[in-house]
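Engineer: Okay, so here is input-v7.txt, and as you'll see once you scroll down, it has compact mmCIF, C-alpha atoms (C1' of nucleotides).
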```
# COMPACT_ATOMS: atom_id res chain seq x y z
CA MET C 1 -13.07 24.29 -34.28
CA ASN C 2 -13.80 23.07 -30.81
CA LYS C 3 -17.31 22.04 -31.73
CA LYS C 4 -18.66 18.87 -30.25
CA GLN C 5 -18.34 16.63 -33.23
CA VAL C 6 -18.62 13.25 -31.62
CA THR C 7 -21.18 12.07 -29.14
CA THR C 8 -19.49 8.75 -28.53
CA GLU C 9 -16.00 9.71 -27.43
CA HIS C 10 -13.37 7.09 -27.95
CA HIS C 11 -10.92 7.98 -25.20
CA HIS C 12 -7.70 7.22 -26.99
CA PHE C 13 -5.74 7.71 -23.81
CA PRO C 14 -6.65 6.31 -20.43
CA TRP C 15 -6.25 9.67 -18.76
CA ASP C 16 -9.05 11.04 -20.95
CA HIS C 17 -11.25 8.33 -19.52
CA PRO C 18 -13.41 9.60 -16.62
CA ARG C 19 -13.39 6.40 -14.58
CA PHE C 20 -9.67 6.00 -15.09
CA ARG C 21 -8.98 9.54 -13.93
CA SER C 22 -11.20 9.04 -10.90
CA TRP C 23 -9.43 5.91 -9.92
CA ILE C 24 -5.97 7.35 -10.30
CA ALA C 25 -7.02 10.16 -7.97
CA VAL C 26 -8.36 7.66 -5.46
CA ALA C 27 -5.13 5.69 -5.50
CA ARG C 28 -2.95 8.77 -5.04
CA ALA C 29 -5.18 10.05 -2.25
CA CYS C 30 -4.82 6.73 -0.46
CA GLN C 31 -1.06 6.83 -0.74
CA LEU C 32 -0.89 10.34 0.68
CA MET C 33 -3.34 9.60 3.44
CA GLN C 34 -1.32 6.58 4.47
CA GLN C 35 1.81 8.68 4.69
CA ALA C 36 0.05 11.43 6.61
CA LEU C 37 -1.46 8.91 9.03
CA THR C 38 1.92 7.30 9.59
CA ARG C 39 3.34 10.65 10.66
CA ALA C 40 0.31 11.56 12.76
CA LEU C 41 0.54 8.30 14.70
CA ALA C 42 4.31 8.19 15.05
CA HIS C 43 4.44 9.65 18.56
CA LEU C 44 2.23 6.79 19.80
CA ASP C 45 4.59 4.24 18.23
CA VAL C 46 1.64 2.90 16.25
CA LYS C 47 1.63 2.35 12.53
CA PRO C 48 -1.38 2.11 10.23
CA PRO C 49 -1.38 -1.71 10.15
CA HIS C 50 -1.35 -1.78 13.96
CA LEU C 51 -4.21 0.68 14.13
CA ASP C 52 -6.24 -1.39 11.70
CA ILE C 53 -5.84 -4.33 14.02
CA LEU C 54 -6.62 -2.38 17.16
CA ILE C 55 -9.78 -0.85 15.72
CA ASN C 56 -11.07 -4.24 14.69
CA LEU C 57 -10.41 -5.68 18.13
CA TYR C 58 -12.17 -2.67 19.59
CA ARG C 59 -15.25 -3.43 17.54
CA PHE C 60 -15.15 -7.23 17.52
CA GLU C 61 -14.06 -8.58 20.87
CA GLY C 62 -12.96 -12.22 20.81
CA ILE C 63 -12.31 -12.36 17.07
CA THR C 64 -9.82 -14.95 15.80
CA GLN C 65 -6.63 -14.28 13.86
CA GLN C 66 -8.11 -15.81 10.76
CA GLU C 67 -11.21 -13.64 10.84
CA LEU C 68 -9.09 -10.59 11.53
CA ALA C 69 -6.83 -11.31 8.56
CA ARG C 70 -9.86 -11.71 6.32
CA LYS C 71 -11.31 -8.39 7.45
CA LEU C 72 -8.00 -6.62 6.85
CA LEU C 73 -7.46 -8.30 3.46
CA VAL C 74 -4.05 -9.61 4.43
CA GLY C 75 -2.57 -13.06 4.87
CA ARG C 76 -2.70 -15.05 8.10
CA SER C 77 1.07 -14.99 8.33
CA ASN C 78 0.90 -11.23 8.60
CA MET C 79 -1.17 -11.52 11.77
CA SER C 80 1.26 -14.07 13.12
CA MET C 81 3.99 -11.49 12.75
CA LEU C 82 2.19 -8.42 14.10
CA LEU C 83 0.02 -9.75 16.93
CA PRO C 84 2.85 -11.06 19.12
CA GLN C 85 4.41 -7.59 18.97
CA LEU C 86 1.22 -5.98 20.23
CA GLU C 87 0.88 -8.69 22.86
CA LYS C 88 4.39 -8.04 24.17
CA ARG C 89 3.54 -4.34 24.43
CA GLY C 90 0.60 -5.30 26.61
CA LEU C 91 -1.98 -3.89 24.22
CA ILE C 92 -3.80 -7.11 23.39
CA GLU C 93 -4.37 -10.57 24.82
CA ARG C 94 -4.51 -13.90 23.00
CA ARG C 95 -6.42 -16.63 24.78
CA GLY C 96 -6.93 -20.11 23.45
CA ASP C 97 -10.49 -21.25 23.01
CA GLU C 98 -11.50 -24.21 25.14
CA ARG C 99 -13.80 -25.84 22.63
CA ASP C 100 -11.48 -25.45 19.66
CA LYS C 101 -7.85 -25.61 20.64
CA ARG C 102 -6.67 -24.37 17.26
CA ILE C 103 -7.99 -20.86 17.52
CA LEU C 104 -6.76 -17.91 19.54
CA ARG C 105 -9.34 -15.38 20.64
CA LEU C 106 -8.11 -11.80 20.61
CA SER C 107 -9.04 -8.92 22.87
CA LEU C 108 -7.74 -5.53 23.91
CA THR C 109 -6.28 -4.91 27.33
CA SER C 110 -7.40 -1.75 29.08
CA GLU C 111 -4.18 -0.01 28.04
CA GLY C 112 -4.83 -1.21 24.52
CA ARG C 113 -8.32 0.23 24.60
CA THR C 114 -7.03 3.57 25.84
CA LEU C 115 -4.35 3.73 23.17
CA THR C 116 -6.84 2.74 20.49
CA GLU C 117 -9.18 5.55 21.48
CA GLU C 118 -6.35 8.06 21.30
CA ALA C 119 -5.24 6.80 17.91
CA MET C 120 -8.77 6.73 16.52
CA GLU C 121 -9.24 10.34 17.49
CA ILE C 122 -6.10 11.27 15.62
CA GLN C 123 -7.18 9.34 12.56
CA THR C 124 -10.69 10.77 12.66
CA ALA C 125 -9.32 14.29 12.93
CA LEU C 126 -7.05 13.71 9.94
CA ILE C 127 -9.86 12.30 7.83
CA ASP C 128 -12.17 15.11 8.89
CA LYS C 129 -9.66 17.72 7.90
CA SER C 130 -8.85 16.05 4.60
CA LEU C 131 -12.50 15.69 3.59
CA ALA C 132 -13.60 18.97 5.13
CA ALA C 133 -14.53 20.42 1.74
CA ASP C 134 -16.94 17.56 1.04
CA THR C 135 -20.57 17.62 2.05
CA ILE C 136 -22.06 14.66 3.83
CA ASP C 137 -23.95 13.81 0.66
CA GLU C 138 -20.75 13.70 -1.32
CA CYS C 139 -19.20 11.45 1.31
CA THR C 140 -22.18 9.16 1.04
CA VAL C 141 -21.80 8.97 -2.73
CA ILE C 142 -18.18 8.04 -2.31
CA ALA C 143 -18.86 5.48 0.39
CA GLN C 144 -21.58 3.78 -1.64
CA SER C 145 -19.47 3.69 -4.76
CA MET C 146 -16.52 2.19 -2.93
CA GLU C 147 -18.68 -0.33 -1.14
CA ARG C 148 -20.12 -1.46 -4.45
CA LEU C 149 -16.60 -1.81 -5.80
CA ILE C 150 -15.56 -3.82 -2.75
CA THR C 151 -18.51 -6.14 -3.26
CA VAL C 152 -17.65 -6.67 -6.92
CA LEU C 153 -14.00 -7.45 -6.28
CA LEU C 154 -14.64 -9.63 -3.24
CA LYS C 155 -17.09 -11.70 -5.26
CA GLU C 156 -14.35 -12.21 -7.85
CA ASP C 157 -11.86 -13.22 -5.19
CA ALA C 158 -14.29 -15.80 -3.90
CA GLU C 159 -14.77 -17.24 -7.37
CA ILE C 160 -11.05 -17.45 -7.93
CA SER C 161 -10.50 -19.22 -4.61
CA GLU C 162 -13.09 -21.83 -5.54
CA ASN C 163 -10.95 -22.98 -8.48
CA MET A 164 -37.39 3.97 23.05
CA ASN A 165 -35.74 4.48 19.71
CA LYS A 166 -37.09 7.96 19.33
CA LYS A 167 -34.85 10.55 17.82
CA GLN A 168 -33.83 12.33 20.96
CA VAL A 169 -30.81 14.23 19.72
CA THR A 170 -30.53 16.38 16.64
CA THR A 171 -26.81 17.00 17.02
CA GLU A 172 -25.33 13.54 16.92
CA HIS A 173 -22.06 13.17 18.74
CA HIS A 174 -20.61 10.18 16.91
CA HIS A 175 -19.26 8.34 19.89
CA PHE A 176 -17.64 5.79 17.60
CA PRO A 177 -15.66 6.56 14.49
CA TRP A 178 -17.61 4.09 12.41
CA ASP A 179 -20.75 6.14 13.04
CA HIS A 180 -18.94 9.07 11.50
CA PRO A 181 -19.84 9.55 7.79
CA ARG A 182 -16.44 10.80 6.68
CA PHE A 183 -14.67 8.06 8.59
CA ARG A 184 -16.86 5.37 7.05
CA SER A 185 -16.27 6.82 3.60
CA TRP A 186 -12.56 6.79 4.03
CA ILE A 187 -12.41 3.25 5.35
CA ALA A 188 -14.32 2.16 2.26
CA VAL A 189 -11.89 4.04 0.03
CA ALA A 190 -8.90 2.42 1.69
CA ARG A 191 -10.33 -1.08 1.43
CA ALA A 192 -11.29 -0.52 -2.19
CA CYS A 193 -7.73 0.53 -2.96
CA GLN A 194 -6.32 -2.56 -1.32
CA LEU A 195 -8.60 -4.85 -3.30
CA MET A 196 -8.00 -3.01 -6.54
CA GLN A 197 -4.26 -3.31 -6.06
CA GLN A 198 -4.56 -7.05 -5.53
CA ALA A 199 -6.85 -7.45 -8.53
CA LEU A 200 -4.54 -5.41 -10.72
CA THR A 201 -1.54 -7.47 -9.63
CA ARG A 202 -3.30 -10.63 -10.79
CA ALA A 203 -4.55 -9.06 -14.00
CA LEU A 204 -1.04 -7.95 -14.97
CA ALA A 205 0.78 -11.08 -13.85
CA HIS A 206 0.96 -12.69 -17.29
CA LEU A 207 2.83 -9.63 -18.61
CA ASP A 208 5.34 -9.90 -15.76
CA VAL A 209 4.45 -6.34 -14.79
CA LYS A 210 3.51 -5.26 -11.30
CA PRO A 211 1.55 -2.15 -10.32
CA PRO A 212 4.67 -0.13 -9.43
CA HIS A 213 6.15 -0.93 -12.83
CA LEU A 214 2.98 0.09 -14.59
CA ASP A 215 2.89 3.37 -12.67
CA ILE A 216 6.36 4.09 -14.00
CA LEU A 217 5.59 3.05 -17.55
CA ILE A 218 2.43 5.14 -17.74
CA ASN A 219 4.29 8.21 -16.54
CA LEU A 220 7.05 7.70 -19.10
CA TYR A 221 4.35 7.25 -21.72
CA ARG A 222 2.89 10.62 -20.82
CA PHE A 223 6.04 12.53 -19.93
CA GLU A 224 8.89 11.66 -22.26
CA GLY A 225 12.33 12.69 -21.00
CA ILE A 226 11.32 13.01 -17.37
CA THR A 227 14.06 12.57 -14.75
CA GLN A 228 14.15 9.99 -11.97
CA GLN A 229 13.61 12.67 -9.37
CA GLU A 230 10.52 14.06 -11.05
CA LEU A 231 9.19 10.57 -11.58
CA ALA A 232 9.64 9.71 -7.92
CA ARG A 233 7.83 12.89 -6.92
CA LYS A 234 4.90 12.11 -9.19
CA LEU A 235 4.63 8.58 -7.82
CA LEU A 236 4.99 9.72 -4.20
CA VAL A 237 7.89 7.39 -3.53
CA GLY A 238 11.54 7.86 -2.62
CA ARG A 239 14.33 8.37 -5.15
CA SER A 240 15.99 5.15 -4.01
CA ASN A 241 12.92 3.26 -5.11
CA MET A 242 13.43 4.49 -8.67
CA SER A 243 17.09 3.55 -8.48
CA MET A 244 16.02 0.00 -7.72
CA LEU A 245 13.20 -0.40 -10.24
CA LEU A 246 14.41 1.50 -13.30
CA PRO A 247 17.52 -0.61 -13.94
CA GLN A 248 15.27 -3.68 -13.97
CA LEU A 249 13.05 -2.16 -16.64
CA GLU A 250 16.10 -1.03 -18.55
CA LYS A 251 17.56 -4.55 -18.57
CA ARG A 252 14.27 -5.83 -19.92
CA GLY A 253 14.60 -3.37 -22.78
CA LEU A 254 11.44 -1.47 -21.87
CA ILE A 255 13.01 1.89 -21.09
CA GLU A 256 16.13 3.90 -21.82
CA ARG A 257 18.14 6.15 -19.53
CA ARG A 258 20.22 8.81 -21.23
CA GLY A 259 22.37 11.34 -19.45
CA ASP A 260 21.59 14.99 -20.04
CA GLU A 261 24.38 16.97 -21.68
CA ARG A 262 23.78 20.22 -19.87
CA ASP A 263 23.38 18.71 -16.41
CA LYS A 264 25.46 15.61 -15.96
CA ARG A 265 23.68 14.66 -12.76
CA ILE A 266 20.34 13.83 -14.29
CA LEU A 267 19.18 10.85 -16.31
CA ARG A 268 16.40 11.41 -18.82
CA LEU A 269 13.99 8.51 -19.14
CA SER A 270 12.05 7.30 -22.15
CA LEU A 271 10.23 4.21 -23.36
CA THR A 272 11.62 1.95 -26.05
CA SER A 273 9.18 0.85 -28.72
CA GLU A 274 8.75 -2.49 -26.97
CA GLY A 275 8.14 -0.59 -23.76
CA ARG A 276 5.49 1.50 -25.44
CA THR A 277 3.76 -1.57 -26.82
CA LEU A 278 3.78 -3.30 -23.45
CA THR A 279 2.51 -0.18 -21.73
CA GLU A 280 -0.42 0.08 -24.11
CA GLU A 281 -1.33 -3.54 -23.45
CA ALA A 282 -1.09 -3.08 -19.71
CA MET A 283 -3.06 0.15 -19.74
CA GLU A 284 -5.87 -1.56 -21.57
CA ILE A 285 -5.98 -4.24 -18.93
CA GLN A 286 -6.02 -1.67 -16.15
CA THR A 287 -8.67 0.43 -17.86
CA ALA A 288 -10.86 -2.62 -18.34
CA LEU A 289 -10.52 -3.53 -14.67
CA ILE A 290 -11.37 -0.02 -13.52
CA ASP A 291 -14.27 0.17 -15.94
CA LYS A 292 -15.73 -3.06 -14.67
CA SER A 293 -15.23 -2.13 -11.03
CA LEU A 294 -16.86 1.27 -11.41
CA ALA A 295 -19.46 0.13 -13.93
CA ALA A 296 -22.30 0.85 -11.52
CA ASP A 297 -21.27 4.49 -11.16
CA THR A 298 -22.50 7.23 -13.44
CA ILE A 299 -20.04 9.62 -14.96
CA ASP A 300 -21.34 12.30 -12.62
CA GLU A 301 -20.60 10.15 -9.61
CA CYS A 302 -17.11 9.50 -10.93
CA THR A 303 -16.63 13.22 -11.30
CA VAL A 304 -17.71 13.82 -7.71
CA ILE A 305 -15.22 11.23 -6.55
CA ALA A 306 -12.40 12.58 -8.70
CA GLN A 307 -12.93 16.14 -7.52
CA SER A 308 -13.10 15.12 -3.89
CA MET A 309 -9.93 13.08 -4.13
CA GLU A 310 -8.10 15.79 -6.01
CA ARG A 311 -9.02 18.30 -3.31
CA LEU A 312 -7.74 15.87 -0.71
CA ILE A 313 -4.51 15.41 -2.63
CA THR A 314 -4.04 19.18 -2.78
CA VAL A 315 -4.60 19.53 0.95
CA LEU A 316 -2.17 16.80 1.91
CA LEU A 317 0.49 17.82 -0.62
CA LYS A 318 0.40 21.33 0.74
CA GLU A 319 1.01 19.92 4.20
CA ASP A 320 3.90 17.82 2.97
CA ALA A 321 5.48 20.89 1.45
CA GLU A 322 5.16 22.81 4.71
CA ILE A 323 6.72 19.97 6.66
CA SER A 324 9.65 19.70 4.25
CA GLU A 325 10.36 23.40 4.64
CA ASN A 326 11.23 22.88 8.34
C1' DA D 327 37.67 32.59 -8.23
C1' DC D 328 36.63 29.96 -4.50
C1' DA D 329 34.19 27.84 -0.75
C1' DT D 330 29.79 26.34 0.69
C1' DA D 331 25.22 24.64 -0.08
C1' DA D 332 21.89 22.18 -2.77
C1' DT D 333 20.56 18.60 -6.17
C1' DT D 334 20.69 14.08 -8.41
C1' DG D 335 21.34 9.36 -8.51
C1' DT D 336 23.29 5.02 -6.07
C1' DA D 337 24.36 1.48 -2.35
C1' DC D 338 23.04 -0.67 1.61
C1' DA D 339 20.92 -2.06 5.94
C1' DA D 340 16.41 -2.47 8.18
C1' DC D 341 11.61 -3.26 8.17
C1' DG D 342 7.10 -5.09 6.44
C1' DA D 343 4.25 -8.12 3.62
C1' DT D 344 3.73 -12.39 1.11
C1' DG D 345 3.26 -17.23 -0.03
C1' DA D 346 4.69 -21.99 0.69
C1' DA D 347 5.66 -25.60 3.76
C1' DC D 348 4.64 -27.35 8.17
C1' DA D 349 2.34 -29.10 12.81
C1' DA D 350 -1.64 -29.43 15.60
C1' DA D 351 -6.46 -29.80 16.05
C1' DA D 352 -11.14 -30.49 14.35
C1' DA D 353 -14.54 -32.02 10.96
C1' DG D 354 -16.22 -35.21 7.60
C1' DC D 355 -16.94 -39.74 6.22
C1' DA D 356 -16.44 -44.89 5.49
C1' DT L 357 -13.78 -46.21 15.35
C1' DG L 358 -10.10 -45.08 11.92
C1' DC L 359 -8.78 -42.44 7.80
C1' DT L 360 -8.71 -38.38 5.07
C1' DT L 361 -9.57 -33.53 4.50
C1' DT L 362 -10.01 -28.97 6.28
C1' DT L 363 -8.95 -25.33 9.34
C1' DT L 364 -5.86 -22.53 12.23
C1' DG L 365 -1.73 -20.65 13.39
C1' DT L 366 3.53 -20.51 12.89
C1' DT L 367 8.02 -20.35 10.52
C1' DC L 368 10.94 -19.06 6.96
C1' DA L 369 12.84 -17.50 2.51
C1' DT L 370 11.86 -13.88 -0.69
C1' DC L 371 10.72 -9.58 -2.43
C1' DG L 372 9.56 -4.58 -2.29
C1' DT L 373 10.00 -0.10 0.06
C1' DT L 374 12.22 3.14 3.03
C1' DG L 375 15.67 6.15 5.00
C1' DT L 376 20.46 7.14 5.46
C1' DA L 377 24.92 7.81 4.01
C1' DC L 378 27.63 8.69 0.04
C1' DA L 379 29.78 10.53 -4.57
C1' DA L 380 29.33 13.43 -8.40
C1' DT L 381 27.68 17.62 -10.31
C1' DT L 382 25.68 22.13 -10.26
C1' DA L 383 24.13 26.45 -7.97
C1' DT L 384 24.89 30.14 -4.74
C1' DG L 385 27.22 33.78 -2.47
C1' DT L 386 31.09 36.59 -1.17
```
Any chance you could put this one into structure tokens?

Structural biologist:
Amino acid sequence: MNKKQVTTEHHHFPWDHPRFRSWIAVARACQLMQQALTRALAHLDVKPPHLDILINLYRFEGITQQELARKLLVGRSNMSMLLPQLEKRGLIERRGDERDKRILRLSLTSEGRTLTEEAMEIQTALIDKSLAADTIDECTVIAQSMERLITVLLKEDAEISEN
Amino acid sequence: MNKKQVTTEHHHFPWDHPRFRSWIAVARACQLMQQALTRALAHLDVKPPHLDILINLYRFEGITQQELARKLLVGRSNMSMLLPQLEKRGLIERRGDERDKRILRLSLTSEGRTLTEEAMEIQTALIDKSLAADTIDECTVIAQSMERLITVLLKEDAEISEN
DNA sequence: ACATAATTGTACAACGATGAACAAAAAGCA
DNA sequence: TGCTTTTTGTTCATCGTTGTACAATTATGT
């Protein structure tokens, strides 16, 4: 009994499948992290989607709504819903471009920048605590694996959009 | 210029922070995987939340709605919305427990089991393709890291719920 | 036993995300 | 130049998820 009889395992059930198990863990971890981040940011009246936007404006000043939506992997209509809210709160500015009157260039106000820095510190602290048991090497393995996966799936998306 | 002047890097920006970068990649990968899975399952008229339910009923026959919600990290009301849909489609059954008349015990019908097996194969194939570049060892590193993270955050949740 | 608290599932209102249809502007092309 | 196509952003109807309030049932404690 219990001897290794087969070298090519057949994985009758998905949860016996190493990649499947890994991915399930990744998905659950994401869900929990999202919930934890939502609570951690609540006192700033900022939710994860808002923070995603703010961080990208922090990095890429003058980006357009379209580019922002593409980076965040959401639809343009989503930006059309969220950005006016942030604008009314005085966190961001939307200025029309002179050369191309279709596009709106986005930037943080100084209050927006301050709030973003606060929120990023909270998020960084949460991530740090959650991954505290991992070495930097392990983090690098994870990052590279996920970036490969992102590349694979984005390439597929592009091919689908081509029709 | 460009000489290494500091040995203790201070990570002025989050995106220079290894753990932060790793986590951002994880989150984006999850988003893309969710979208890809939605498309891959569309022809079965099954969406990722449905599949999550079906897989858990496949593994844990006779589970209650409460337990199911806890496993899936969603609210009970969510189950109250989704399960009747699956029941009307003849994929699952809900039977009241005799000893405790509050709870409903869930199980798959034979059609539900068949559909679940089909859908799991699709999901497994997608995961396999997406993680094809990773060795089993790398997958194990990822799974262990994520499971540690899940443990950490679940423990926090429990402490918060205690009040 | 009885009253109170906790658990389980449901109903509903509120919020967020999505995709399709639309208008305005720019680019491509004859 | 004029016409069509593409790009950019908005609006709106729809769907999914959440949290709260509620009813029914069970557990707890005196």

Engineer: Kindly indicate which residue among A:Asp263, A:Ala192, A:Pro177, A:Phe183 lies nearest to Glu118 (chain C), using only C-alpha atoms for the distances.

Structural biologist: A:Pro177

Engineer: Can you pull out the residues contacting Pro48 (chain C)? Cut-off 8 Å, using only C-alpha atoms (C1' of nucleotides), and skip same-chain residues under 6 positions away; I want them as a ChimeraX atom specification.

Structural biologist: /C:34,37-38,41

Engineer: Only C-alpha atoms, please: the residues just picked out, written as an mmCIF file, in the frame of the given file.

Structural biologist:
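The resulting file, part.cif, is reproduced below:
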```cif
data_model
loop_
_atom_site.group_PDB
_atom_site.id
_atom_site.type_symbol
_atom_site.label_atom_id
_atom_site.label_comp_id
_atom_site.auth_asym_id
_atom_site.auth_seq_id
_atom_site.Cartn_x
_atom_site.Cartn_y
_atom_site.Cartn_z
ATOM 1 C CA GLN C 34 -1.320 6.580 4.470
ATOM 2 C CA LEU C 37 -1.460 8.910 9.030
ATOM 3 C CA THR C 38 1.920 7.300 9.590
ATOM 4 C CA LEU C 41 0.540 8.300 14.700
#
```

Engineer: Nearest to chain A: which of C:Leu44, C:Ala132, C:Leu54, C:Leu149 is it, counting all atoms listed in the file?

Structural biologist: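 Comparing C:Leu44, C:Ala132, C:Leu54, C:Leu149 against chain A, the winner is C:Leu149.
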
Engineer: Output, as AutoDock Vina command-line options, the centre and edge lengths in Å (one decimal) of the axis-aligned box that contains all listed atoms of region 138-142 of chain C with 8 Å of margin on each side.

Structural biologist:
```
--center_x -20.2 --center_y 10.9 --center_z -0.7 --size_x 20.0 --size_y 21.7 --size_z 20.0
```

Engineer: Nearest to DG335 (chain D): which of L:DG375, L:DT370, L:DC359, L:DA380 is it, counting only C-alpha atoms (C1' of nucleotides)?

Structural biologist: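 Counting only C-alpha atoms (C1' of nucleotides), the residue closest to DG335 (chain D) is L:DA380.
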
Engineer: To one decimal place, how far is C1' of DA349 (chain D) from CA of Arg102 (chain C) in Å?

Structural biologist: 11.1 Å

Engineer: Skip Ala190 (chain A) itself and residues of its chain fewer than 3 positions away, then list as a ChimeraX atom specification all residues within 10 Å of it, counting only C-alpha atoms (C1' of nucleotides).

Structural biologist: /C:26-27,29-31,33-34,146 /A:185-187,193-196

Engineer: Tell me the residues of chain L close to chain A, meaning within 12 Å using all atoms listed in the file, as a PyMOL selection string.

Structural biologist: chain L and resi 372-376+379-383

Engineer: Which value, in Å to one decimal, gives the distance between CA of Thr114 (chain C) and CA of Gly62 (chain C)?

Structural biologist: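 About the pair CA of Thr114 (chain C) and CA of Gly62 (chain C): they are 17.6 Å apart.
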
Engineer: To one decimal place in Å, what is the distance between CA of Phe223 (chain A) and CA of Ala203 (chain A)?

Structural biologist: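 These atoms are spaced 24.8 Å apart.
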
Engineer: Write out as a ChimeraX atom specification the residues lying within 12 Å of Val209 (chain A), counting all atoms listed in the file and excluding same-chain residues fewer than 4 positions away.

Structural biologist: /A:200-205,213-217,245,248-249,252,254,275,278-279,281-283,285-286

Engineer: Output as a tab-separated table one row per residue of chain D within 10 Å of chain C: the closest atom pair and its distance in Å to one decimal place, counting only C-alpha atoms (C1' of nucleotides), sorted by chain and residue number ascending.

Structural biologist:
```
residue	atom	partner	partner_atom	distance
D:DG342	C1'	C:Asn78	CA	9.0
D:DA343	C1'	C:Asn78	CA	6.8
D:DT344	C1'	C:Gly75	CA	7.4
D:DG345	C1'	C:Gly75	CA	8.7
D:DA350	C1'	C:Arg102	CA	7.3
D:DA351	C1'	C:Arg102	CA	5.6
D:DA352	C1'	C:Asp100	CA	7.3
```

Engineer: I need the residues from that last selection saved to file as a PDB file, in the coordinates of the input (with C-alpha atoms (C1' of nucleotides)), if you can.

Structural biologist:
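Output file out_31.pdb follows:
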```pdb
ATOM      1  C1'  DG D 342       7.100  -5.090   6.440  1.00  0.00           C
ATOM      2  C1'  DA D 343       4.250  -8.120   3.620  1.00  0.00           C
ATOM      3  C1'  DT D 344       3.730 -12.390   1.110  1.00  0.00           C
ATOM      4  C1'  DG D 345       3.260 -17.230  -0.030  1.00  0.00           C
ATOM      5  C1'  DA D 350      -1.640 -29.430  15.600  1.00  0.00           C
ATOM      6  C1'  DA D 351      -6.460 -29.800  16.050  1.00  0.00           C
ATOM      7  C1'  DA D 352     -11.140 -30.490  14.350  1.00  0.00           C
TER       8       DA D 352
END
```

Engineer: Please work out which residues fall within 10 Å of (13.0, 13.0, -10.8), coordinates as given in the file, with all atoms listed in the file counting, and return them as a list in words.

Structural biologist: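 Residues with an atom at most 10 Å from (13.0, 13.0, -10.8): Ile226, Thr227, Gln228, Gln229, Glu230, Leu231, Ala232, Arg233, Lys234, Leu235, Gly238, Arg239, Met242, Ile266, Leu267, Arg268 and Leu269 of chain A; DT334 and DG335 of chain D.
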
Engineer: Pick out the residues sitting within 12 Å of DA356 (chain D), and hand them over as a PyMOL selection string; count all atoms listed in the file, and ignore anything fewer than 2 positions along from it in its own chain.

Structural biologist: (chain D and resi 354) or (chain L and resi 357-360)

Engineer: Write out as an NGL selection string which residues come within 10 Å of region 178-181 of chain A when counting only C-alpha atoms (C1' of nucleotides), dropping same-chain ones fewer than 6 positions away.

Structural biologist: (:C and (55 or 59 or 124 or 128 or 135-137 or 139-140 or 143)) or (:A and (172 or 187))

Engineer: Which residue gives the smallest distance to chain A among C:Asn56, C:Ser80, C:Thr109, C:Ser130, with only C-alpha atoms counted?

Structural biologist: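 Counting only C-alpha atoms, the residue closest to chain A is C:Ser130.
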